[in-house]
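These notes are about the structure you will find just below.
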Amino acid sequence: MKNKFRHEMKYIIPRYLYQEMRQVFQELMEYDKHAGPSHEYNIRSLYFDDIYRTAYKEKLDGIQYRKKYRIRIYNCRDERISLECKHKDGPYIYKEAASLTREEYDRILKGDIAFLLKRKEQVAREFFVDARTDLMKPEVIVEYDREPFVYSTGTVRITFDKDLRAISCRDDMFDPLAPSFGVMKEQEMILEIKFTGILPEKIRRLFRTYEIVQTSASKFCMCVDKIAETLQH
C-alpha cells in the first residue's frame, strides 16, 4: 500500500457516548487549529456521479477500488473551494485536491470545464476527462458540522460529524438557508478515524473500552437516498 493512502474507520454513535468520548479526547488530543475558537466548522460537498450512477452503485456493491468527485466548501463561504477526488481501496483512502475560484466553480456548474485541462493539478485534468467521457453531473449536496481532533504523535485525526443533512444539487451550495433534510436519527452522529501506518496503542486502547461497531456508512449514499425519498412525497 502506497504511503499516500490513509486508513479510515467509521462508526455511528449516540450523543451520550459522544459526550463521554469528547471529554476523553479533550484530555488526550488537541483540537484541529483550523476549526477556530468554536472547535467546529460546517462542511458542504457537492458530489458528482455519471448517468449510470456508478459512484452510488459501486459503494452499495462494496467494490474494492472506487472513487468519487466532489466540490467542498466551508461555512457556506467561497474563500476556500476545493475540487476533490476521494479514492477508496478497501479500508484505505487517498484524496487529491485542486483549489477553485468562485468563478471557476460557477463555470463547472454550467458545464464549461475546458479550463481544467490547463490546470497543473492532475485531479483537475482527470475530472475533465471523466466528466466528458462518463457524462458526470451534480448528484447531491452533503452537509454536516464537524468537530475535529488531532493527535500530537503520528497522523491520527478523529472527527465527530454531526447533524448530517441532504440538500438538492439544484440549490445554491453557498446559501446558508438552502433547504436541507436531516438524514440520521436526531441523537446519532458519525465518528471517523483517519491515520497513516499504525494506530498508536494509546488510541487503540481507548477504543477498546467502548462497545461500538465499525460501519461502512456513506454520507453520500445516505444523502442521495434522502433526496430521492423527499422527492417521492
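FYI, nothing fancy with the C-alpha cells labels: chains A, B, ... in order, residues from 1 per chain, ligands from 1 as they appear.
Neighbours of Tyr16 of chain A closer than or equal to 10 Å, with only C-alpha atoms counted and sequence neighbours fewer than 3 positions away skipped, come out as Ile13, Gln19, Glu20, Met21, Gln187 and Glu188 of chain A.
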Output N, CA and C atoms for every residue in the selection just made, as a PDB file, in the first residue's frame.
ATOM      1  N   ILE A  13     -22.442   6.681  16.283  1.00  0.00           N
ATOM      2  CA  ILE A  13     -22.504   6.662  17.745  1.00  0.00           C
ATOM      3  C   ILE A  13     -23.658   7.532  18.246  1.00  0.00           C
ATOM      4  N   GLN A  19     -20.586  12.586  24.113  1.00  0.00           N
ATOM      5  CA  GLN A  19     -20.264  13.486  25.222  1.00  0.00           C
ATOM      6  C   GLN A  19     -19.163  12.911  26.111  1.00  0.00           C
ATOM      7  N   GLU A  20     -19.212  11.599  26.302  1.00  0.00           N
ATOM      8  CA  GLU A  20     -18.177  10.956  27.117  1.00  0.00           C
ATOM      9  C   GLU A  20     -16.845  10.907  26.373  1.00  0.00           C
ATOM     10  N   MET A  21     -16.876  10.506  25.101  1.00  0.00           N
ATOM     11  CA  MET A  21     -15.649  10.388  24.312  1.00  0.00           C
ATOM     12  C   MET A  21     -15.009  11.747  24.105  1.00  0.00           C
ATOM     13  N   GLN A 187     -30.297  11.842  17.636  1.00  0.00           N
ATOM     14  CA  GLN A 187     -29.265  11.662  18.648  1.00  0.00           C
ATOM     15  C   GLN A 187     -28.050  10.883  18.135  1.00  0.00           C
ATOM     16  N   GLU A 188     -27.929  10.726  16.826  1.00  0.00           N
ATOM     17  CA  GLU A 188     -26.802   9.977  16.263  1.00  0.00           C
ATOM     18  C   GLU A 188     -25.873  10.877  15.466  1.00  0.00           C
TER      19      GLU A 188
END
Would you mind listing what lies within 12 Å of Lys194 of chain A as an mmCIF file with all heavy atoms, in the first residue's frame, with only C-alpha atoms counted and same-chain residues fewer than 2 positions away left out?
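Writing done, so here's result-v1.cif:
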data_model
loop_
_atom_site.group_PDB
_atom_site.id
_atom_site.type_symbol
_atom_site.label_atom_id
_atom_site.label_comp_id
_atom_site.auth_asym_id
_atom_site.auth_seq_id
_atom_site.Cartn_x
_atom_site.Cartn_y
_atom_site.Cartn_z
ATOM 1 N N PHE A 5 -1.838 6.672 0.892
ATOM 2 C CA PHE A 5 -3.125 6.167 1.350
ATOM 3 C C PHE A 5 -3.176 6.175 2.880
ATOM 4 O O PHE A 5 -2.197 5.863 3.543
ATOM 5 C CB PHE A 5 -3.379 4.750 0.831
ATOM 6 C CG PHE A 5 -3.891 4.708 -0.587
ATOM 7 C CD1 PHE A 5 -3.009 4.727 -1.656
ATOM 8 C CD2 PHE A 5 -5.253 4.662 -0.844
ATOM 9 C CE1 PHE A 5 -3.481 4.691 -2.959
ATOM 10 C CE2 PHE A 5 -5.731 4.620 -2.135
ATOM 11 C CZ PHE A 5 -4.844 4.635 -3.204
ATOM 12 N N ARG A 6 -4.359 6.520 3.407
ATOM 13 C CA ARG A 6 -4.576 6.541 4.847
ATOM 14 C C ARG A 6 -5.671 5.558 5.216
ATOM 15 O O ARG A 6 -6.588 5.307 4.426
ATOM 16 C CB ARG A 6 -4.978 7.958 5.311
ATOM 17 C CG ARG A 6 -3.824 8.916 5.311
ATOM 18 C CD ARG A 6 -4.262 10.374 5.429
ATOM 19 N NE ARG A 6 -5.025 10.691 6.625
ATOM 20 C CZ ARG A 6 -4.506 10.867 7.827
ATOM 21 N NH1 ARG A 6 -3.197 10.715 8.012
ATOM 22 N NH2 ARG A 6 -5.262 11.179 8.863
ATOM 23 N N HIS A 7 -5.563 5.025 6.405
ATOM 24 C CA HIS A 7 -6.582 4.114 6.903
ATOM 25 C C HIS A 7 -7.771 4.944 7.386
ATOM 26 O O HIS A 7 -7.598 5.983 8.011
ATOM 27 C CB HIS A 7 -6.021 3.298 8.073
ATOM 28 C CG HIS A 7 -6.752 2.017 8.306
ATOM 29 N ND1 HIS A 7 -6.193 0.790 8.080
ATOM 30 C CD2 HIS A 7 -8.016 1.777 8.728
ATOM 31 C CE1 HIS A 7 -7.063 -0.163 8.374
ATOM 32 N NE2 HIS A 7 -8.185 0.426 8.766
ATOM 33 N N GLU A 8 -8.981 4.461 7.107
ATOM 34 C CA GLU A 8 -10.186 5.160 7.528
ATOM 35 C C GLU A 8 -11.134 4.186 8.230
ATOM 36 O O GLU A 8 -11.402 3.103 7.724
ATOM 37 C CB GLU A 8 -10.900 5.792 6.336
ATOM 38 C CG GLU A 8 -12.185 6.519 6.696
ATOM 39 C CD GLU A 8 -12.912 7.054 5.484
ATOM 40 O OE1 GLU A 8 -13.334 6.248 4.624
ATOM 41 O OE2 GLU A 8 -13.058 8.286 5.391
ATOM 42 N N MET A 9 -11.635 4.585 9.398
ATOM 43 C CA MET A 9 -12.596 3.787 10.154
ATOM 44 C C MET A 9 -13.768 4.687 10.523
ATOM 45 O O MET A 9 -13.577 5.841 10.903
ATOM 46 C CB MET A 9 -11.940 3.211 11.415
ATOM 47 C CG MET A 9 -10.736 2.333 11.118
ATOM 48 S SD MET A 9 -9.633 2.105 12.562
ATOM 49 C CE MET A 9 -10.725 1.264 13.701
ATOM 50 N N LYS A 10 -14.998 4.152 10.412
ATOM 51 C CA LYS A 10 -16.203 4.926 10.695
ATOM 52 C C LYS A 10 -17.083 4.199 11.698
ATOM 53 O O LYS A 10 -17.173 2.971 11.686
ATOM 54 C CB LYS A 10 -17.016 5.156 9.409
ATOM 55 C CG LYS A 10 -16.352 6.022 8.360
ATOM 56 C CD LYS A 10 -17.292 6.194 7.179
ATOM 57 C CE LYS A 10 -16.681 7.029 6.077
ATOM 58 N NZ LYS A 10 -17.618 7.186 4.935
ATOM 59 N N TYR A 11 -17.749 5.000 12.523
ATOM 60 C CA TYR A 11 -18.687 4.461 13.493
ATOM 61 C C TYR A 11 -19.887 5.400 13.580
ATOM 62 O O TYR A 11 -19.733 6.622 13.481
ATOM 63 C CB TYR A 11 -18.050 4.360 14.885
ATOM 64 C CG TYR A 11 -16.782 3.548 14.933
ATOM 65 C CD1 TYR A 11 -15.546 4.139 14.670
ATOM 66 C CD2 TYR A 11 -16.801 2.196 15.247
ATOM 67 C CE1 TYR A 11 -14.373 3.406 14.713
ATOM 68 C CE2 TYR A 11 -15.635 1.452 15.299
ATOM 69 C CZ TYR A 11 -14.426 2.064 15.026
ATOM 70 O OH TYR A 11 -13.259 1.333 15.065
ATOM 71 N N PRO A 91 -10.089 -0.552 3.062
ATOM 72 C CA PRO A 91 -10.168 0.329 4.235
ATOM 73 C C PRO A 91 -9.289 1.577 4.107
ATOM 74 O O PRO A 91 -9.164 2.347 5.061
ATOM 75 C CB PRO A 91 -9.656 -0.567 5.365
ATOM 76 C CG PRO A 91 -8.662 -1.458 4.690
ATOM 77 C CD PRO A 91 -9.207 -1.713 3.303
ATOM 78 N N TYR A 92 -8.667 1.782 2.941
ATOM 79 C CA TYR A 92 -7.735 2.887 2.768
ATOM 80 C C TYR A 92 -8.322 3.963 1.859
ATOM 81 O O TYR A 92 -9.078 3.671 0.928
ATOM 82 C CB TYR A 92 -6.415 2.387 2.182
ATOM 83 C CG TYR A 92 -5.700 1.409 3.081
ATOM 84 C CD1 TYR A 92 -5.906 0.041 2.940
ATOM 85 C CD2 TYR A 92 -4.828 1.850 4.071
ATOM 86 C CE1 TYR A 92 -5.261 -0.870 3.775
ATOM 87 C CE2 TYR A 92 -4.173 0.955 4.909
ATOM 88 C CZ TYR A 92 -4.404 -0.403 4.754
ATOM 89 O OH TYR A 92 -3.775 -1.298 5.586
ATOM 90 N N ILE A 93 -7.946 5.206 2.137
ATOM 91 C CA ILE A 93 -8.421 6.324 1.341
ATOM 92 C C ILE A 93 -7.241 7.201 0.912
ATOM 93 O O ILE A 93 -6.178 7.212 1.535
ATOM 94 C CB ILE A 93 -9.429 7.193 2.122
ATOM 95 C CG1 ILE A 93 -8.776 7.786 3.382
ATOM 96 C CG2 ILE A 93 -10.676 6.408 2.463
ATOM 97 C CD1 ILE A 93 -9.566 8.911 4.015
ATOM 98 N N TYR A 94 -7.470 7.913 -0.167
ATOM 99 C CA TYR A 94 -6.491 8.896 -0.632
ATOM 100 C C TYR A 94 -7.253 10.012 -1.317
ATOM 101 O O TYR A 94 -8.146 9.758 -2.134
ATOM 102 C CB TYR A 94 -5.499 8.258 -1.599
ATOM 103 C CG TYR A 94 -4.638 9.254 -2.326
ATOM 104 C CD1 TYR A 94 -3.856 10.171 -1.644
ATOM 105 C CD2 TYR A 94 -4.599 9.275 -3.731
ATOM 106 C CE1 TYR A 94 -3.066 11.085 -2.309
ATOM 107 C CE2 TYR A 94 -3.807 10.180 -4.406
ATOM 108 C CZ TYR A 94 -3.043 11.088 -3.696
ATOM 109 O OH TYR A 94 -2.266 11.996 -4.357
ATOM 110 N N PRO A 148 -13.226 18.444 14.931
ATOM 111 C CA PRO A 148 -12.034 17.646 14.635
ATOM 112 C C PRO A 148 -10.959 17.683 15.721
ATOM 113 O O PRO A 148 -10.642 18.723 16.285
ATOM 114 C CB PRO A 148 -11.506 18.317 13.362
ATOM 115 C CG PRO A 148 -11.876 19.764 13.536
ATOM 116 C CD PRO A 148 -13.077 19.828 14.459
ATOM 117 N N PHE A 149 -10.399 16.504 16.004
ATOM 118 C CA PHE A 149 -9.277 16.363 16.926
ATOM 119 C C PHE A 149 -8.076 15.794 16.170
ATOM 120 O O PHE A 149 -8.230 15.008 15.238
ATOM 121 C CB PHE A 149 -9.623 15.407 18.064
ATOM 122 C CG PHE A 149 -10.636 15.936 19.038
ATOM 123 C CD1 PHE A 149 -11.994 15.782 18.793
ATOM 124 C CD2 PHE A 149 -10.242 16.579 20.201
ATOM 125 C CE1 PHE A 149 -12.940 16.245 19.694
ATOM 126 C CE2 PHE A 149 -11.175 17.051 21.106
ATOM 127 C CZ PHE A 149 -12.531 16.892 20.853
ATOM 128 N N VAL A 150 -6.871 16.191 16.610
ATOM 129 C CA VAL A 150 -5.648 15.619 16.051
ATOM 130 C C VAL A 150 -4.770 15.142 17.208
ATOM 131 O O VAL A 150 -4.772 15.727 18.297
ATOM 132 C CB VAL A 150 -4.876 16.633 15.175
ATOM 133 C CG1 VAL A 150 -5.648 16.954 13.906
ATOM 134 C CG2 VAL A 150 -4.581 17.910 15.950
ATOM 135 N N TYR A 151 -4.034 14.078 16.943
ATOM 136 C CA TYR A 151 -3.140 13.511 17.956
ATOM 137 C C TYR A 151 -1.741 14.012 17.690
ATOM 138 O O TYR A 151 -1.255 13.960 16.555
ATOM 139 C CB TYR A 151 -3.201 11.983 17.897
ATOM 140 C CG TYR A 151 -2.537 11.283 19.054
ATOM 141 C CD1 TYR A 151 -2.870 11.578 20.362
ATOM 142 C CD2 TYR A 151 -1.567 10.305 18.823
ATOM 143 C CE1 TYR A 151 -2.277 10.920 21.433
ATOM 144 C CE2 TYR A 151 -0.961 9.637 19.880
ATOM 145 C CZ TYR A 151 -1.319 9.952 21.178
ATOM 146 O OH TYR A 151 -0.721 9.301 22.228
ATOM 147 N N GLY A 154 2.168 11.225 15.513
ATOM 148 C CA GLY A 154 1.664 10.495 14.353
ATOM 149 C C GLY A 154 0.720 11.323 13.508
ATOM 150 O O GLY A 154 0.749 12.559 13.517
ATOM 151 N N THR A 155 -0.144 10.637 12.784
ATOM 152 C CA THR A 155 -1.003 11.311 11.806
ATOM 153 C C THR A 155 -2.481 11.064 12.095
ATOM 154 O O THR A 155 -3.299 11.073 11.186
ATOM 155 C CB THR A 155 -0.678 10.781 10.405
ATOM 156 O OG1 THR A 155 -0.917 9.355 10.378
ATOM 157 C CG2 THR A 155 0.772 11.051 10.033
ATOM 158 N N VAL A 156 -2.824 10.845 13.347
ATOM 159 C CA VAL A 156 -4.192 10.488 13.710
ATOM 160 C C VAL A 156 -5.090 11.727 13.687
ATOM 161 O O VAL A 156 -4.753 12.772 14.245
ATOM 162 C CB VAL A 156 -4.250 9.833 15.097
ATOM 163 C CG1 VAL A 156 -5.689 9.453 15.443
ATOM 164 C CG2 VAL A 156 -3.350 8.614 15.146
ATOM 165 N N ARG A 157 -6.251 11.570 13.063
ATOM 166 C CA ARG A 157 -7.264 12.618 13.035
ATOM 167 C C ARG A 157 -8.610 11.957 13.349
ATOM 168 O O ARG A 157 -8.999 10.997 12.689
ATOM 169 C CB ARG A 157 -7.305 13.292 11.663
ATOM 170 C CG ARG A 157 -8.330 14.407 11.524
ATOM 171 C CD ARG A 157 -8.198 15.050 10.142
ATOM 172 N NE ARG A 157 -9.271 15.977 9.857
ATOM 173 C CZ ARG A 157 -9.300 17.252 10.241
ATOM 174 N NH1 ARG A 157 -8.293 17.740 10.953
ATOM 175 N NH2 ARG A 157 -10.318 18.032 9.924
ATOM 176 N N ILE A 158 -9.291 12.480 14.355
ATOM 177 C CA ILE A 158 -10.585 11.945 14.764
ATOM 178 C C ILE A 158 -11.615 13.060 14.666
ATOM 179 O O ILE A 158 -11.383 14.170 15.156
ATOM 180 C CB ILE A 158 -10.536 11.387 16.200
ATOM 181 C CG1 ILE A 158 -9.578 10.193 16.262
ATOM 182 C CG2 ILE A 158 -11.924 10.962 16.669
ATOM 183 C CD1 ILE A 158 -9.404 9.602 17.654
ATOM 184 N N THR A 159 -12.732 12.767 14.022
ATOM 185 C CA THR A 159 -13.755 13.788 13.835
ATOM 186 C C THR A 159 -15.128 13.277 14.253
ATOM 187 O O THR A 159 -15.452 12.103 14.058
ATOM 188 C CB THR A 159 -13.829 14.253 12.364
ATOM 189 O OG1 THR A 159 -14.081 13.119 11.518
ATOM 190 C CG2 THR A 159 -12.525 14.905 11.937
ATOM 191 N N PHE A 160 -15.915 14.183 14.827
ATOM 192 C CA PHE A 160 -17.329 13.941 15.069
ATOM 193 C C PHE A 160 -18.095 14.734 14.011
ATOM 194 O O PHE A 160 -17.998 15.972 13.965
ATOM 195 C CB PHE A 160 -17.737 14.420 16.466
ATOM 196 C CG PHE A 160 -17.124 13.632 17.589
ATOM 197 C CD1 PHE A 160 -16.110 14.182 18.356
ATOM 198 C CD2 PHE A 160 -17.564 12.353 17.887
ATOM 199 C CE1 PHE A 160 -15.544 13.472 19.410
ATOM 200 C CE2 PHE A 160 -17.009 11.628 18.938
ATOM 201 C CZ PHE A 160 -15.991 12.186 19.691
ATOM 202 N N LEU A 191 -18.642 9.096 13.771
ATOM 203 C CA LEU A 191 -17.274 9.232 14.272
ATOM 204 C C LEU A 191 -16.333 8.643 13.230
ATOM 205 O O LEU A 191 -16.532 7.512 12.778
ATOM 206 C CB LEU A 191 -17.131 8.481 15.592
ATOM 207 C CG LEU A 191 -15.712 8.234 16.114
ATOM 208 C CD1 LEU A 191 -15.030 9.547 16.487
ATOM 209 C CD2 LEU A 191 -15.740 7.293 17.315
ATOM 210 N N GLU A 192 -15.326 9.408 12.821
ATOM 211 C CA GLU A 192 -14.361 8.927 11.839
ATOM 212 C C GLU A 192 -12.946 9.000 12.412
ATOM 213 O O GLU A 192 -12.597 9.969 13.091
ATOM 214 C CB GLU A 192 -14.428 9.736 10.544
ATOM 215 C CG GLU A 192 -15.726 9.558 9.773
ATOM 216 C CD GLU A 192 -15.678 10.210 8.402
ATOM 217 O OE1 GLU A 192 -14.624 10.791 8.051
ATOM 218 O OE2 GLU A 192 -16.688 10.144 7.684
ATOM 219 N N THR A 196 -2.267 7.235 9.209
ATOM 220 C CA THR A 196 -1.307 6.617 8.299
ATOM 221 C C THR A 196 -0.470 5.614 9.079
ATOM 222 O O THR A 196 -0.032 5.898 10.195
ATOM 223 C CB THR A 196 -0.382 7.681 7.672
ATOM 224 O OG1 THR A 196 -1.187 8.656 7.006
ATOM 225 C CG2 THR A 196 0.571 7.043 6.673
ATOM 226 N N GLY A 197 -0.270 4.440 8.508
ATOM 227 C CA GLY A 197 0.544 3.433 9.182
ATOM 228 C C GLY A 197 -0.241 2.696 10.249
ATOM 229 O O GLY A 197 -1.293 2.128 9.979
ATOM 230 N N ILE A 198 0.249 2.748 11.484
ATOM 231 C CA ILE A 198 -0.362 2.013 12.591
ATOM 232 C C ILE A 198 -0.984 2.990 13.573
ATOM 233 O O ILE A 198 -0.394 4.015 13.920
ATOM 234 C CB ILE A 198 0.698 1.149 13.308
ATOM 235 C CG1 ILE A 198 1.289 0.119 12.324
ATOM 236 C CG2 ILE A 198 0.089 0.433 14.509
ATOM 237 C CD1 ILE A 198 2.429 -0.696 12.904
ATOM 238 N N LEU A 199 -2.177 2.671 14.054
ATOM 239 C CA LEU A 199 -2.841 3.496 15.055
ATOM 240 C C LEU A 199 -2.086 3.375 16.375
ATOM 241 O O LEU A 199 -1.835 2.267 16.858
ATOM 242 C CB LEU A 199 -4.286 3.025 15.227
ATOM 243 C CG LEU A 199 -5.209 3.891 16.085
ATOM 244 C CD1 LEU A 199 -5.412 5.256 15.434
ATOM 245 C CD2 LEU A 199 -6.552 3.201 16.286
ATOM 246 N N PRO A 200 -1.685 4.509 16.976
ATOM 247 C CA PRO A 200 -0.951 4.454 18.250
ATOM 248 C C PRO A 200 -1.700 3.648 19.301
ATOM 249 O O PRO A 200 -2.926 3.704 19.386
ATOM 250 C CB PRO A 200 -0.835 5.927 18.642
ATOM 251 C CG PRO A 200 -0.903 6.670 17.349
ATOM 252 C CD PRO A 200 -1.837 5.877 16.478
ATOM 253 N N ILE A 203 -4.375 5.263 21.559
ATOM 254 C CA ILE A 203 -5.672 5.480 20.910
ATOM 255 C C ILE A 203 -6.391 4.150 20.733
ATOM 256 O O ILE A 203 -7.604 4.032 20.961
ATOM 257 C CB ILE A 203 -5.488 6.160 19.544
ATOM 258 C CG1 ILE A 203 -4.779 7.510 19.693
ATOM 259 C CG2 ILE A 203 -6.850 6.354 18.872
ATOM 260 C CD1 ILE A 203 -5.563 8.547 20.432
#
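Atom CA of Glu84 of chain A sits 5.3 Å away from atom CA of Arg70 of chain A.
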Do you have, as a Markdown table, the list of residues of segment 155-218 of chain A lying at most 10 Å from segment 39-56 of chain A, each with its nearest atom pair and that distance in Å to one decimal, counting only C-alpha atoms and ordered by chain then number?
| residue | atom | partner | partner_atom | distance |
| --- | --- | --- | --- | --- |
| A:Thr159 | CA | A:Glu40 | CA | 9.8 |
| A:Phe160 | CA | A:Glu40 | CA | 9.3 |
| A:Asp161 | CA | A:Ile43 | CA | 9.4 |
| A:Lys162 | CA | A:Asn42 | CA | 9.5 |
| A:Leu164 | CA | A:Ile43 | CA | 9.9 |
| A:Arg165 | CA | A:Arg44 | CA | 9.4 |
| A:Ala166 | CA | A:Arg44 | CA | 9.5 |
| A:Ile167 | CA | A:Leu46 | CA | 9.1 |
| A:Ser168 | CA | A:Leu46 | CA | 9.4 |
| A:Cys169 | CA | A:Leu46 | CA | 7.0 |
| A:Met173 | CA | A:Arg44 | CA | 7.1 |
| A:Phe174 | CA | A:Arg44 | CA | 8.6 |
| A:Ser218 | CA | A:Tyr56 | CA | 9.4 |
Since we have the selection now, will you write its residues out, keeping C-alpha atoms, as a PDB file, in the first residue's frame?
ATOM      1  CA  THR A 159     -13.755  13.788  13.835  1.00  0.00           C
ATOM      2  CA  PHE A 160     -17.329  13.941  15.069  1.00  0.00           C
ATOM      3  CA  ASP A 161     -19.625  14.701  12.130  1.00  0.00           C
ATOM      4  CA  LYS A 162     -22.948  15.992  13.423  1.00  0.00           C
ATOM      5  CA  LEU A 164     -25.889  15.164   8.607  1.00  0.00           C
ATOM      6  CA  ARG A 165     -28.199  16.842   6.093  1.00  0.00           C
ATOM      7  CA  ALA A 166     -29.033  16.379   2.408  1.00  0.00           C
ATOM      8  CA  ILE A 167     -29.511  19.325   0.034  1.00  0.00           C
ATOM      9  CA  SER A 168     -30.727  19.091  -3.547  1.00  0.00           C
ATOM     10  CA  CYS A 169     -28.000  19.676  -6.130  1.00  0.00           C
ATOM     11  CA  MET A 173     -24.443  25.411  -2.106  1.00  0.00           C
ATOM     12  CA  PHE A 174     -23.354  28.818  -0.793  1.00  0.00           C
ATOM     13  CA  SER A 218     -21.551   6.565   3.311  1.00  0.00           C
TER      14      SER A 218
END
>> Taking only segment 57-182 of chain A into account, list the residues labelled strand (DSSP E or B) by DSSP (computed from the backbone), as number ranges by chain.
In response: A: 65-74, 77-89, 92-100, 137-150, 157-167, 181-182
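Across the model, the gap from atom CA of Ile227 of chain A to atom CA of Gly182 of chain A is 10.0 Å.
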> Out of A:Glu201, A:Asp225, A:Glu121, A:Glu126, which residue has the shortest atom-to-atom distance to Lys57 of chain A when counting only C-alpha atoms?
Replying inline: A:Asp225
>> At a cut-off of 8 Å, using only C-alpha atoms, what residues contact Leu117 of chain A? Leave out same-chain residues fewer than 5 positions from it and give the result as a list in words.
In response: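 Residues near the query, excluding close chain neighbours: Ala124, Arg125 and Phe128 of chain A.
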>> Let me make sure I understand: among A:Arg15, A:Ser216, A:Lys33, A:Tyr210, which one has the smallest atom-to-atom distance to Ile63 of chain A if we use only C-alpha atoms?
In response: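 Closest candidate: A:Ser216.
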> Expressed in Å to a single decimal, how great is the separation between atom CA of Lys4 of chain A and atom CA of Ala97 of chain A?
Replying inline: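 Answer for the atom CA of Lys4 of chain A to atom CA of Ala97 of chain A separation: 13.1 Å.
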> Between A:Asp78, A:Tyr18, A:Lys88, A:Val183, which is the closest to Cys221 of chain A once you count only C-alpha atoms?
Replying inline: A:Val183
>> So that I can see what lies close to Val129 of chain A, please list as a PyMOL selection string the residues with an atom at most 10 Å from it, counting only C-alpha atoms and leaving out residues fewer than 4 positions away in the same chain.
In response: chain A and resi 113-114+116-117+123-125+133-136
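Among the candidates A:Lys68, A:Lys226, A:Arg170, A:Lys59, the residue lying nearest to Pro138 of chain A is A:Arg170 (atoms considered: only C-alpha atoms).
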> Smallest atom-to-atom distance to Cys85 of chain A: which of A:Leu109, A:Phe127, A:Glu30, A:Arg102, using only C-alpha atoms?
Replying inline: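 Selected residue with least distance to Cys85 of chain A: A:Phe127.
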>> Measuring between only C-alpha atoms, which one of A:Met184, A:Ala217, A:Ile108, A:Ala35 shows the shortest distance to Tyr74 of chain A?
In response: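 So, comparing all the options, the nearest one is A:Ala35.
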